[in-house]
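Shown next: protein-v2.cif, containing mmCIF, C-alpha atoms and all ligand atoms.
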```
data_structure
loop_
_atom_site.label_atom_id
_atom_site.label_comp_id
_atom_site.auth_asym_id
_atom_site.auth_seq_id
_atom_site.Cartn_x
_atom_site.Cartn_y
_atom_site.Cartn_z
CA MET A 28 -12.06 49.48 51.67
CA THR A 29 -9.08 51.24 50.22
CA GLY A 30 -8.47 52.95 46.90
CA LEU A 31 -5.31 52.91 44.86
CA TYR A 32 -4.17 55.83 42.68
CA LEU A 33 -1.35 55.36 40.18
CA HIS A 34 0.12 58.53 38.69
CA ILE A 35 1.49 58.33 35.15
CA PRO A 36 3.45 61.59 34.77
CA PHE A 37 3.96 61.63 31.00
CA CYS A 38 2.31 63.42 28.12
CA ARG A 39 3.20 63.31 24.46
CA ARG A 40 2.87 67.11 24.40
CA LYS A 41 1.72 69.49 27.12
CA CYS A 42 -1.66 71.14 26.49
CA SER A 43 -1.58 74.92 26.71
CA TYR A 44 -3.73 75.15 29.85
CA CYS A 45 -2.51 72.24 31.96
CA ASP A 46 -0.39 72.38 35.12
CA PHE A 47 -0.83 68.75 36.21
CA TYR A 48 2.51 67.10 36.91
CA SER A 49 3.60 65.46 33.66
CA GLU A 50 6.67 65.55 31.46
CA GLU A 51 7.36 65.06 27.78
CA VAL A 52 9.79 62.14 27.91
CA CYS A 53 11.36 59.54 25.61
CA GLU A 54 9.84 56.11 24.93
CA ALA A 55 12.43 54.34 27.09
CA THR A 56 11.41 56.32 30.19
CA ILE A 57 7.79 55.36 29.62
CA ARG A 58 8.72 51.70 29.05
CA ASN A 59 10.72 51.55 32.29
CA TYR A 60 8.17 53.32 34.47
CA PRO A 61 5.88 50.31 35.20
CA ASP A 62 8.80 48.55 36.90
CA LEU A 63 9.24 51.55 39.20
CA LEU A 64 5.53 51.47 40.03
CA LYS A 65 5.71 47.76 40.88
CA GLN A 66 8.78 48.35 43.03
CA HIS A 67 7.01 51.19 44.83
CA LEU A 68 3.92 49.05 45.35
CA THR A 69 5.93 46.25 46.91
CA TRP A 70 7.82 48.76 49.04
CA ALA A 71 4.65 50.46 50.28
CA THR A 72 2.92 47.23 51.17
CA GLU A 73 5.94 45.58 52.79
CA HIS A 74 6.59 48.61 54.94
CA SER A 75 3.03 48.77 56.18
CA ALA A 76 3.05 45.14 57.27
CA GLY A 77 3.17 45.05 61.04
CA ALA A 78 4.56 48.59 61.10
CA THR A 79 4.76 50.29 64.46
CA GLU A 80 2.22 52.98 65.12
CA ARG A 81 3.20 56.31 63.66
CA SER A 82 2.08 58.08 66.83
CA ALA A 83 4.99 56.35 68.56
CA GLY A 84 7.24 58.31 66.21
CA ALA A 85 8.97 55.10 65.13
CA THR A 86 8.23 55.32 61.40
CA GLU A 87 8.18 58.00 58.78
CA HIS A 88 5.88 56.29 56.34
CA PRO A 89 2.11 55.94 56.40
CA VAL A 90 0.98 53.07 58.60
CA TRP A 91 -1.55 51.72 56.19
CA ALA A 92 -4.57 50.28 57.87
CA THR A 93 -2.77 48.73 60.80
CA GLU A 94 -5.34 50.22 63.14
CA HIS A 95 -8.22 48.90 61.07
CA PRO A 96 -7.95 45.13 61.21
CA ALA A 97 -11.43 44.75 59.72
CA ARG A 98 -10.14 46.33 56.54
CA ALA A 99 -6.62 45.03 56.52
CA SER A 100 -5.56 41.72 55.05
CA GLU A 101 -3.80 39.20 57.31
CA GLN A 102 -0.41 40.62 56.44
CA GLY A 103 -1.49 44.10 57.56
CA TRP A 104 -1.63 45.33 53.95
CA PRO A 105 -4.24 47.89 53.06
CA GLY A 106 -5.93 45.46 50.71
CA PRO A 107 -7.97 44.40 49.08
CA VAL A 108 -8.55 47.56 47.08
CA ASP A 109 -11.98 48.23 45.63
CA THR A 110 -10.91 51.04 43.28
CA VAL A 111 -7.84 51.47 41.09
CA TYR A 112 -7.34 54.74 39.21
CA PHE A 113 -4.67 55.27 36.53
CA GLY A 114 -4.44 59.07 36.33
CA GLY A 115 -2.06 61.49 34.75
CA GLY A 116 -0.53 62.79 32.78
CA THR A 117 -1.53 60.33 30.15
CA PRO A 118 -1.94 56.72 31.33
CA SER A 119 -2.92 55.72 27.78
CA LEU A 120 0.75 56.18 26.83
CA LEU A 121 1.39 52.90 28.68
CA ALA A 122 0.93 49.77 26.57
CA PRO A 123 -1.97 47.46 27.52
CA GLU A 124 0.57 44.79 28.51
CA ALA A 125 2.14 47.26 30.95
CA ILE A 126 -1.28 48.03 32.49
CA ALA A 127 -1.97 44.27 32.77
CA GLY A 128 1.40 43.76 34.50
CA ILE A 129 0.75 46.56 36.98
CA LEU A 130 -2.71 45.18 37.80
CA LYS A 131 -1.22 41.75 38.36
CA ALA A 132 1.27 43.28 40.81
CA VAL A 133 -1.55 45.16 42.56
CA ASN A 134 -3.45 41.91 42.94
CA GLN A 135 -0.38 40.14 44.32
CA ASN A 136 0.50 42.91 46.76
CA LEU A 137 -2.85 44.26 47.90
CA GLY A 138 -5.56 42.12 46.35
CA LEU A 139 -8.50 43.35 44.30
CA THR A 140 -12.13 42.99 45.35
CA LYS A 141 -14.42 41.02 43.04
CA ASP A 142 -16.31 44.13 41.95
CA VAL A 143 -13.23 46.40 41.80
CA GLU A 144 -13.64 49.61 39.74
CA ILE A 145 -10.58 50.09 37.52
CA THR A 146 -10.41 53.46 35.74
CA LEU A 147 -7.90 54.55 33.13
CA GLU A 148 -7.63 58.13 31.88
CA ALA A 149 -7.11 58.11 28.14
CA ASN A 150 -6.23 60.92 25.76
CA PRO A 151 -8.11 60.29 22.48
CA GLY A 152 -4.97 61.30 20.57
CA THR A 153 -3.03 58.34 21.97
CA VAL A 154 -5.40 55.39 21.53
CA SER A 155 -6.33 52.93 18.78
CA GLN A 156 -9.09 50.34 18.67
CA ARG A 157 -6.42 47.75 19.37
CA SER A 158 -4.97 49.49 22.44
CA LEU A 159 -8.45 50.08 23.85
CA ALA A 160 -9.26 46.39 23.40
CA GLY A 161 -6.01 45.62 25.21
CA TYR A 162 -6.92 47.85 28.19
CA ARG A 163 -10.33 46.18 28.41
CA SER A 164 -8.75 42.71 28.37
CA ALA A 165 -6.24 43.83 31.00
CA GLY A 166 -9.17 44.43 33.39
CA VAL A 167 -9.83 48.16 32.98
CA ASN A 168 -13.61 48.49 33.34
CA ARG A 169 -14.03 52.27 33.39
CA LEU A 170 -12.56 54.64 30.83
CA SER A 171 -12.22 58.39 31.32
CA LEU A 172 -11.75 59.97 27.90
CA GLY A 173 -10.25 63.46 27.70
CA LEU A 174 -12.46 64.62 24.85
CA GLN A 175 -12.60 68.24 26.23
CA THR A 176 -14.71 69.71 23.39
CA CYS A 177 -15.95 68.75 19.93
CA ASN A 178 -15.18 72.23 18.58
CA GLU A 179 -12.32 71.99 16.06
CA ASN A 180 -10.97 75.52 16.66
CA GLN A 181 -11.04 75.14 20.44
CA LEU A 182 -9.21 71.80 20.27
CA THR A 183 -6.43 73.54 18.35
CA LEU A 184 -6.38 76.49 20.72
CA LEU A 185 -6.16 74.19 23.75
CA GLY A 186 -3.21 72.42 22.15
CA ARG A 187 -4.89 69.01 22.13
CA LEU A 188 -3.34 66.09 20.27
CA HIS A 189 -6.62 65.11 18.61
CA ASP A 190 -9.20 66.71 16.36
CA ARG A 191 -12.97 66.31 16.60
CA GLN A 192 -13.15 63.17 14.48
CA GLU A 193 -10.34 61.45 16.38
CA GLY A 194 -12.17 62.22 19.63
CA LEU A 195 -15.42 60.74 18.30
CA ASP A 196 -13.57 57.70 16.91
CA ALA A 197 -11.95 57.05 20.28
CA PHE A 198 -15.38 56.99 21.91
CA LYS A 199 -16.84 54.66 19.26
CA TRP A 200 -13.90 52.26 19.49
CA SER A 201 -14.22 52.22 23.29
CA ARG A 202 -17.83 51.11 22.97
CA ASP A 203 -16.97 48.61 20.23
CA VAL A 204 -14.37 46.87 22.39
CA GLY A 205 -16.80 46.54 25.30
CA PHE A 206 -16.43 49.56 27.59
CA ASP A 207 -19.87 50.05 29.15
CA ASN A 208 -18.74 52.64 31.69
CA ILE A 209 -17.24 55.67 29.94
CA SER A 210 -16.72 59.14 31.33
CA LEU A 211 -16.08 62.15 29.09
CA ASP A 212 -14.27 65.32 30.12
CA LEU A 213 -15.93 68.52 28.91
CA MET A 214 -14.21 71.88 29.23
CA PHE A 215 -16.31 75.04 29.08
CA ALA A 216 -15.86 78.81 29.39
CA LEU A 217 -13.24 78.55 26.67
CA PRO A 218 -11.68 81.67 25.10
CA GLY A 219 -14.25 83.31 22.83
CA GLN A 220 -16.79 80.50 23.39
CA THR A 221 -20.40 81.45 22.64
CA THR A 222 -23.50 79.95 24.26
CA ALA A 223 -24.41 78.45 20.88
CA GLU A 224 -21.03 76.68 20.73
CA LEU A 225 -21.45 75.29 24.23
CA LYS A 226 -24.93 74.03 23.28
CA GLU A 227 -23.42 72.34 20.20
CA ASP A 228 -20.85 70.65 22.42
CA LEU A 229 -23.52 69.45 24.85
CA CYS A 230 -25.56 68.13 21.92
CA ALA A 231 -22.58 66.21 20.54
CA TYR A 232 -21.74 64.79 23.98
CA LEU A 233 -25.34 63.74 24.68
CA GLU A 234 -25.51 61.99 21.32
CA LEU A 235 -22.63 59.80 22.47
CA ALA A 236 -24.58 58.96 25.66
CA PRO A 237 -21.65 58.41 28.05
CA GLU A 238 -22.39 57.01 31.52
CA HIS A 239 -20.53 59.87 33.21
CA LEU A 240 -19.33 63.42 32.47
CA SER A 241 -16.77 65.64 34.21
CA CYS A 242 -17.33 69.30 33.31
CA TYR A 243 -14.59 71.81 34.07
CA GLY A 244 -14.59 75.55 33.51
CA LEU A 245 -11.24 76.46 31.95
CA THR A 246 -8.89 78.11 34.43
CA ALA A 247 -5.73 80.00 33.49
CA GLU A 248 -3.19 78.21 35.69
CA PRO A 249 -0.02 80.12 36.61
CA GLU A 250 2.89 79.83 34.20
CA THR A 251 1.01 77.93 31.51
CA PRO A 252 1.21 79.08 27.86
CA LEU A 253 -2.54 79.80 28.09
CA GLN A 254 -1.97 82.23 30.95
CA GLN A 255 0.83 83.92 28.99
CA ARG A 256 -1.49 84.46 26.03
CA ILE A 257 -4.13 85.92 28.35
CA ILE A 258 -1.65 88.25 30.04
CA SER A 259 -0.37 89.43 26.66
CA GLY A 260 -3.95 90.24 25.63
CA GLU A 261 -3.90 87.75 22.76
CA LEU A 262 -6.73 85.73 24.37
CA THR A 263 -9.49 86.48 26.87
CA LEU A 264 -11.50 84.12 29.00
CA PRO A 265 -15.27 84.60 29.19
CA ASP A 266 -16.45 86.77 32.10
CA GLU A 267 -18.06 85.53 35.34
CA GLU A 268 -21.56 85.99 33.97
CA PHE A 269 -20.83 83.69 31.02
CA TYR A 270 -19.25 81.16 33.40
CA ALA A 271 -22.31 81.16 35.68
CA ASP A 272 -24.76 80.85 32.77
CA ALA A 273 -22.67 78.04 31.25
CA PHE A 274 -22.48 76.15 34.56
CA LEU A 275 -26.26 76.33 35.01
CA LEU A 276 -26.94 75.53 31.33
CA ILE A 277 -24.84 72.38 31.64
CA HIS A 278 -26.64 71.48 34.87
CA ASP A 279 -30.09 71.93 33.28
CA GLN A 280 -29.33 70.08 30.05
CA LEU A 281 -27.63 67.14 31.72
CA ALA A 282 -30.30 66.87 34.44
CA THR A 283 -32.99 66.86 31.73
CA ALA A 284 -31.07 64.10 29.95
CA GLY A 285 -31.14 61.97 33.13
CA TYR A 286 -27.73 62.65 34.67
CA GLU A 287 -27.37 63.29 38.38
CA HIS A 288 -25.20 66.29 39.25
CA TYR A 289 -23.49 64.42 42.10
CA GLU A 290 -20.45 66.67 42.63
CA ILE A 291 -19.65 70.23 41.56
CA ALA A 292 -17.99 69.08 38.32
CA ASN A 293 -19.41 65.56 37.95
CA TYR A 294 -22.53 64.01 36.47
CA ALA A 295 -23.55 60.37 36.26
CA ARG A 296 -26.33 58.11 35.12
CA ASP A 297 -27.89 56.03 37.87
CA GLY A 298 -25.30 53.57 39.19
CA TYR A 299 -22.31 55.18 37.43
CA THR A 300 -20.87 57.64 39.94
CA CYS A 301 -17.08 57.28 40.16
CA ARG A 302 -16.47 55.17 43.28
CA HIS A 303 -12.81 56.15 43.39
CA ASN A 304 -13.40 59.90 43.30
CA LEU A 305 -16.31 59.64 45.75
CA GLY A 306 -13.75 58.12 48.11
CA TYR A 307 -11.76 61.40 47.99
CA TRP A 308 -14.79 63.45 48.98
CA GLN A 309 -15.76 60.98 51.70
CA ARG A 310 -12.22 60.95 53.13
CA ARG A 311 -11.77 57.23 52.51
CA PRO A 312 -8.16 56.03 52.60
CA TYR A 313 -6.25 55.65 49.36
CA LEU A 314 -2.69 54.82 48.54
CA GLY A 315 -0.92 56.88 45.86
CA ILE A 316 1.82 55.25 43.82
CA GLY A 317 4.08 56.99 41.30
CA ALA A 318 5.91 60.31 41.04
CA GLY A 319 3.51 63.12 41.94
CA ALA A 320 0.91 60.83 43.57
CA HIS A 321 -0.91 61.74 46.79
CA SER A 322 -2.25 59.43 49.52
CA PHE A 323 -4.71 59.75 52.37
CA CYS A 324 -4.34 57.54 55.41
CA ASP A 325 -7.27 57.36 57.84
CA ASP A 326 -5.26 56.68 60.96
CA GLN A 327 -6.61 58.67 63.94
CA TRP A 328 -7.89 61.97 62.42
CA GLY A 329 -6.14 61.28 59.10
CA SER A 330 -2.93 62.26 57.35
CA ARG A 331 -2.00 63.27 53.79
CA TRP A 332 1.14 62.17 51.97
CA GLU A 333 2.81 62.95 48.67
CA VAL A 334 5.42 61.51 46.39
CA PRO A 335 7.28 64.62 45.19
CA ALA A 336 6.64 65.50 41.55
CA ASP A 337 10.21 64.72 40.49
CA MET A 338 10.97 61.66 38.37
CA THR A 339 14.70 61.68 39.10
CA ALA A 340 14.21 61.84 42.87
CA TYR A 341 11.55 59.12 42.65
CA ARG A 342 13.82 56.76 40.73
CA GLN A 343 16.67 57.49 43.10
CA ALA A 344 14.63 56.89 46.27
CA LEU A 345 13.41 53.51 45.03
CA HIS A 346 16.90 52.58 43.85
CA ASN A 347 18.28 53.35 47.34
CA ASN A 348 15.43 51.51 49.06
CA GLN A 349 14.26 54.76 50.67
CA GLU A 350 10.73 55.97 51.38
CA PRO A 351 9.63 57.98 48.30
CA THR A 352 6.61 59.42 50.16
CA LYS A 353 6.61 62.31 52.61
CA CYS A 354 3.98 63.50 55.05
CA LEU A 355 2.19 66.71 54.07
CA GLU A 356 -0.27 67.08 56.90
CA THR A 357 -1.46 65.27 60.01
CA PHE A 358 -4.97 66.20 61.07
CA GLU A 359 -6.31 67.07 64.51
CA ARG A 360 -10.01 66.79 65.32
CA GLU A 361 -10.68 70.43 64.34
CA SER A 362 -8.91 70.33 60.97
CA ALA A 363 -10.42 66.91 60.17
CA LEU A 364 -13.90 68.29 60.89
CA ARG A 365 -13.35 71.28 58.62
CA GLU A 366 -11.93 69.18 55.81
CA THR A 367 -14.80 66.68 56.13
CA ILE A 368 -17.31 69.52 55.69
CA TYR A 369 -15.35 71.09 52.82
CA LEU A 370 -15.19 67.83 50.88
CA ALA A 371 -18.71 66.61 51.65
CA LEU A 372 -20.37 69.88 50.62
CA ARG A 373 -18.86 69.47 47.16
CA THR A 374 -21.21 66.51 46.72
CA ARG A 375 -24.96 66.16 46.24
CA HIS A 376 -25.02 63.82 49.24
CA GLY A 377 -23.59 66.63 51.37
CA ILE A 378 -23.36 65.75 55.05
CA THR A 379 -25.89 64.76 57.68
CA ASP A 380 -25.93 65.79 61.31
CA THR A 381 -26.03 62.09 62.19
CA GLU A 382 -22.70 61.55 60.35
CA LEU A 383 -21.18 64.60 62.05
CA LYS A 384 -22.38 63.47 65.48
CA GLN A 385 -20.99 59.98 64.94
CA ARG A 386 -17.58 61.17 63.78
CA PHE A 387 -17.14 64.43 65.67
CA GLY A 388 -19.91 64.61 68.28
CA CYS A 389 -21.35 67.86 66.89
CA THR A 390 -23.82 69.28 64.37
CA LEU A 391 -23.21 71.79 61.58
CA GLN A 392 -25.64 74.36 62.99
CA ASP A 393 -24.16 74.24 66.52
CA THR A 394 -20.54 74.44 65.38
CA PHE A 395 -20.85 76.96 62.55
CA PRO A 396 -24.04 79.00 63.25
CA GLU A 397 -22.77 82.11 61.43
CA ALA A 398 -21.48 80.22 58.39
CA VAL A 399 -24.80 78.39 58.09
CA ALA A 400 -26.78 81.64 58.37
CA GLY A 401 -24.48 83.34 55.84
CA SER A 402 -25.01 80.53 53.32
CA PHE A 403 -28.77 81.04 53.12
CA PRO A 404 -30.48 80.29 50.67
CA TRP A 405 -27.74 78.25 48.95
CA LEU A 406 -27.18 75.77 51.76
CA VAL A 407 -30.27 73.68 52.40
CA ASN A 408 -31.20 71.24 55.14
CA ASP A 409 -33.35 68.37 53.98
CA ASN A 410 -34.31 66.17 56.96
CA GLY A 411 -30.95 66.71 58.66
CA ARG A 412 -28.91 66.50 55.43
CA TRP A 413 -26.95 69.64 54.52
CA SER A 414 -26.09 70.32 50.89
CA PHE A 415 -25.56 73.20 48.48
CA THR A 416 -27.95 73.93 45.63
CA PRO A 417 -26.36 74.04 42.12
CA ALA A 418 -26.45 77.85 42.33
CA GLY A 419 -24.67 77.54 45.69
CA TRP A 420 -21.94 75.43 44.06
CA LEU A 421 -21.29 78.35 41.73
CA LEU A 422 -20.37 80.38 44.81
CA PHE A 423 -18.66 77.46 46.55
CA ASP A 424 -15.23 79.08 46.96
CA ARG A 425 -16.80 82.05 48.78
CA LEU A 426 -19.52 80.22 50.74
CA ILE A 427 -17.21 77.55 52.11
CA LEU A 428 -14.68 80.03 53.56
CA PRO A 429 -16.47 80.60 56.90
CA PHE A 430 -16.47 76.81 57.49
CA LEU A 431 -12.68 76.59 57.09
C1 LIG B 1 -5.19 64.39 33.70
S1 LIG B 1 -6.25 65.14 32.60
C2 LIG B 1 -7.15 63.85 31.74
C3 LIG B 1 -6.46 62.76 30.96
C4 LIG B 1 -5.60 63.06 29.78
N1 LIG B 1 -4.37 63.60 30.25
C5 LIG B 1 -6.20 63.98 28.77
O1 LIG B 1 -5.95 65.18 28.85
O2 LIG B 1 -6.92 63.50 27.89
C6 LIG B 1 -7.52 65.71 33.67
C7 LIG B 1 -8.57 66.68 33.13
O3 LIG B 1 -8.51 67.90 33.86
C8 LIG B 1 -9.05 68.93 33.07
N2 LIG B 1 -8.17 70.11 33.17
C9 LIG B 1 -6.81 70.12 33.21
N3 LIG B 1 -6.35 71.39 33.30
C10 LIG B 1 -7.44 72.21 33.34
C11 LIG B 1 -7.63 73.62 33.43
N4 LIG B 1 -6.61 74.47 33.49
N5 LIG B 1 -8.90 74.09 33.45
C12 LIG B 1 -9.95 73.25 33.41
N6 LIG B 1 -9.84 71.91 33.30
C13 LIG B 1 -8.59 71.39 33.27
C14 LIG B 1 -9.16 68.41 31.65
O4 LIG B 1 -10.52 68.18 31.35
C15 LIG B 1 -8.41 67.11 31.71
O5 LIG B 1 -8.96 66.14 30.85
S1 LIG B 2 -2.81 65.47 27.96
FE1 LIG B 2 -3.99 65.71 29.88
S2 LIG B 2 -2.44 65.71 31.55
FE2 LIG B 2 -1.34 65.97 29.59
S3 LIG B 2 -1.07 68.15 29.39
FE3 LIG B 2 -2.98 67.64 28.32
S4 LIG B 2 -4.64 67.83 29.88
FE4 LIG B 2 -2.66 67.81 30.97
#
```
Mind converting the file's structure to structure tokens?
Ligand SMILES: C[S@@+](CC[C@H](N)C(=O)[O-])C[C@H]1O[C@@H](n2cnc3c(N)ncnc32)[C@H](O)[C@@H]1O
Ligand code: SF4
Amino acid sequence: MTGLYLHIPFCRRKCSYCDFYSEEVCEATIRNYPDLLKQHLTWATEHSAGATERSAGATEHPVWATEHPARASEQGWPGPVDTVYFGGGTPSLLAPEAIAGILKAVNQNLGLTKDVEITLEANPGTVSQRSLAGYRSAGVNRLSLGLQTCNENQLTLLGRLHDRQEGLDAFKWSRDVGFDNISLDLMFALPGQTTAELKEDLCAYLELAPEHLSCYGLTAEPETPLQQRIISGELTLPDEEFYADAFLLIHDQLATAGYEHYEIANYARDGYTCRHNLGYWQRRPYLGIGAGAHSFCDDQWGSRWEVPADMTAYRQALHNNQEPTKCLETFERESALRETIYLALRTRHGITDTELKQRFGCTLQDTFPEAVAGSFPWLVNDNGRWSFTPAGWLLFDRLILPFL
């Protein structure tokens, strides 16, 4: 099966910490964007139909699924898709009717499976009960709410559009209009945050009882206003010790409350892991539509593609009937193996020697004996399945290096 990612590169106002590709634009640009997405979708599917193999050097666009007839539809399209993800930026700036129109176009071009997972990222400061009801009616069945924190001062400091009450209202409205699969974003290790404040946040989140949580330690991304304030000494981020304690506190409290820590930053109740994001970590193919979107094509050892993060160039390429996507990387066996391990070890499932043997004809121990030995006791082998402990995930960036 294939996933579909649609990037919505607009925000009403940039948050102080964020370096995701999004622009503050006028209403007309937002209103016209769905037509570009539909055009891109048609373009991408038409150009994959019966396309010549890329290895022959005849095409410069991803040959979606042509080598996987079991997965491809009769026309050679990559459909049907079993996950659709509206990410951003702020997808909740698009009207429900626009989302419905895009989904209709997806169904016409690629097809949607019966049990398709359709996620929309929503900023609580941009929704109403009415718009949420509209998204639900349009077919969105999973909502990812950017609540971030329930602490009033931190919300202001982060430059969020919403206050605590607006965040809580957005969650309540989502439930009221029938969303039974809601994910909440939680940011921790915030400037000046105390353990007591983090515990208050966790308490408030658990009271809402979402099906899924994504928990991110705040990072000072280059050239963001947050980083400027840190460099100038106006703000400081908590030290590594606070970060580690916070990460493990979140793990303990959420595990006790019945959530599975299924990826470094992600927790879910039984049956509510995010199918779309799991696809990224399992190297399943997905098509990215929209300015700034990325794709992964599982032809041969795999290839990665991007639509440059430039609205003007995107509009121009589609207008001129040119490929808006360019190839970033084509994998060989060795690089595919390393990326497979890197992505899989981010997850609780990890990777089994059986999977590695099937795909690459090797085992982890035989190929990376020193890296495995150096990861003790954080990398464990449970009946042939390799995975990191939560404490190992804390050291992930360092422990994974010898595998790369
Ligand atoms: C695309 S945004 C989510 C949707 C929507 N734009 C919003 O903010 O409500 C993805 C998430 O990444 C997280 N994030 C973004 N920048 C971050 C940073 N510098 N450090 C930690 N988490 C960050 C936030 O939790 C954010 O909600
Ligand atoms: S609303 Fe979301 S995507 Fe936009 S700037 Fe804030 S965190 Fe980034």
Fewer than 5 positions away in the same chain doesn't count, so skip those; otherwise give me all residues within 8 Å of Leu63 in chain A, counting all atoms listed in the file, as a PDB file with C-alpha atoms, in the coordinates of the input.
```pdb
ATOM      1  CA  GLY A 317       4.080  56.990  41.300  1.00  0.00           C
ATOM      2  CA  ARG A 342      13.820  56.760  40.730  1.00  0.00           C
ATOM      3  CA  LEU A 345      13.410  53.510  45.030  1.00  0.00           C
TER       4      LEU A 345
END
```
Between chain A and ligand LIG 1 (chain B), at 8 Å or less, what are the per-residue closest atom pairs and their distances in Å? Count only C-alpha atoms and all ligand atoms, order by chain and rising residue number, and return it as CSV.
```
residue,atom,partner,partner_atom,distance
A:Cys38,CA,B:LIG1,N1,7.0
A:Cys42,CA,B:LIG1,O1,7.7
A:Tyr44,CA,B:LIG1,N4,4.7
A:Cys45,CA,B:LIG1,N3,4.2
A:Asp46,CA,B:LIG1,N3,6.3
A:Phe47,CA,B:LIG1,C1,6.7
A:Gly114,CA,B:LIG1,C1,6.0
A:Gly115,CA,B:LIG1,C1,4.4
A:Gly116,CA,B:LIG1,N1,4.7
A:Thr117,CA,B:LIG1,N1,4.3
A:Pro118,CA,B:LIG1,N1,7.4
A:Glu148,CA,B:LIG1,C3,4.9
A:Ala149,CA,B:LIG1,O2,5.4
A:Asn150,CA,B:LIG1,O2,3.4
A:Pro151,CA,B:LIG1,O2,6.4
A:Gly152,CA,B:LIG1,O2,7.9
A:Ser171,CA,B:LIG1,C3,7.2
A:Leu172,CA,B:LIG1,O2,6.0
A:Gly173,CA,B:LIG1,O2,3.3
A:Leu174,CA,B:LIG1,O2,6.4
A:Gln175,CA,B:LIG1,O4,5.5
A:Arg187,CA,B:LIG1,O1,7.8
A:Asp212,CA,B:LIG1,O4,4.9
A:Leu213,CA,B:LIG1,O4,5.9
A:Met214,CA,B:LIG1,O4,5.6
A:Phe215,CA,B:LIG1,C12,7.9
A:Ser241,CA,B:LIG1,O4,7.3
A:Cys242,CA,B:LIG1,O4,7.2
A:Tyr243,CA,B:LIG1,N6,4.8
A:Gly244,CA,B:LIG1,C12,5.2
A:Leu245,CA,B:LIG1,N5,3.7
A:Thr246,CA,B:LIG1,N5,4.1
A:Ala247,CA,B:LIG1,N4,5.6
A:Glu248,CA,B:LIG1,N4,5.5
```
Once 3 Å is added on each side, what centre and edge lengths in Å to one decimal does the axis-aligned box around all listed atoms of ligand LIG 2 (chain B) have, as lines of an AutoDock Vina configuration file?
```
center_x = -2.9
center_y = 66.8
center_z = 29.8
size_x = 9.6
size_y = 8.7
size_z = 9.6
```
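For range 386-389 of chain A, the residues within 12 Å (counting all atoms listed in the file, excluding itself and residues fewer than 3 positions away along the chain) are Arg310, Gln327, Trp328, Glu359, Arg360, Glu361, Ser362, Ala363, Leu364, Arg365, Thr367, Ile368, Ile378, Thr379, Asp380, Thr381, Glu382, Leu383, Gln392, Asp393, Thr394 and Phe395 of chain A.
CA of Gly205 in chain A is found 9.2 Å from CA of Leu159 in chain A.
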| Which distance in Å separates CA of Thr374 in chain A and CA of Glu290 in chain A, to one decimal? | 4.2 Å
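You can rank A:Glu350, A:Glu144, A:Pro429, A:Asp190 by their closest distance to Ala400 in chain A using all atoms listed in the file, and at the top of that list sits A:Pro429.
If you measure from each of A:Ala231, A:Leu264, A:Val334, A:Leu120 to ligand LIG 2 (chain B) using only C-alpha atoms and all ligand atoms, the closest one turns out to be A:Leu120.
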| message | Please report the interatomic distance between CA of Trp200 in chain A and CA of Asn178 in chain A in Å with one decimal. | response | 20.0 Å
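Candidate residues A:Gln181, A:Thr251, A:Gln156, A:Gln135 were compared for distance to ligand LIG 2 (chain B), and the nearest is A:Thr251, using all atoms listed in the file.
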| message | Excluding Phe206 in chain A and its own-chain neighbours fewer than 5 positions away, which residues fall within 8 Å of it when counting only C-alpha atoms? Please give them as a ChimeraX atom specification. | response | /A:163,168-170,201
| request: Could you check which of A:Tyr286, A:Phe37, A:Tyr112, A:Phe198 is closest to Thr300 in chain A, using only C-alpha atoms? | output: A:Tyr286
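Counting all atoms listed in the file and comparing A:Ala197, A:Leu185, A:Ala340, A:Ala271, the residue that lies closest to Arg157 in chain A is A:Ala197.
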| request: Can you work out which one of A:Ile209, A:Pro252, A:Tyr232, A:Ala132 has the shortest atom-to-atom distance to ligand LIG 2 (chain B), counting all atoms listed in the file? | output: A:Pro252
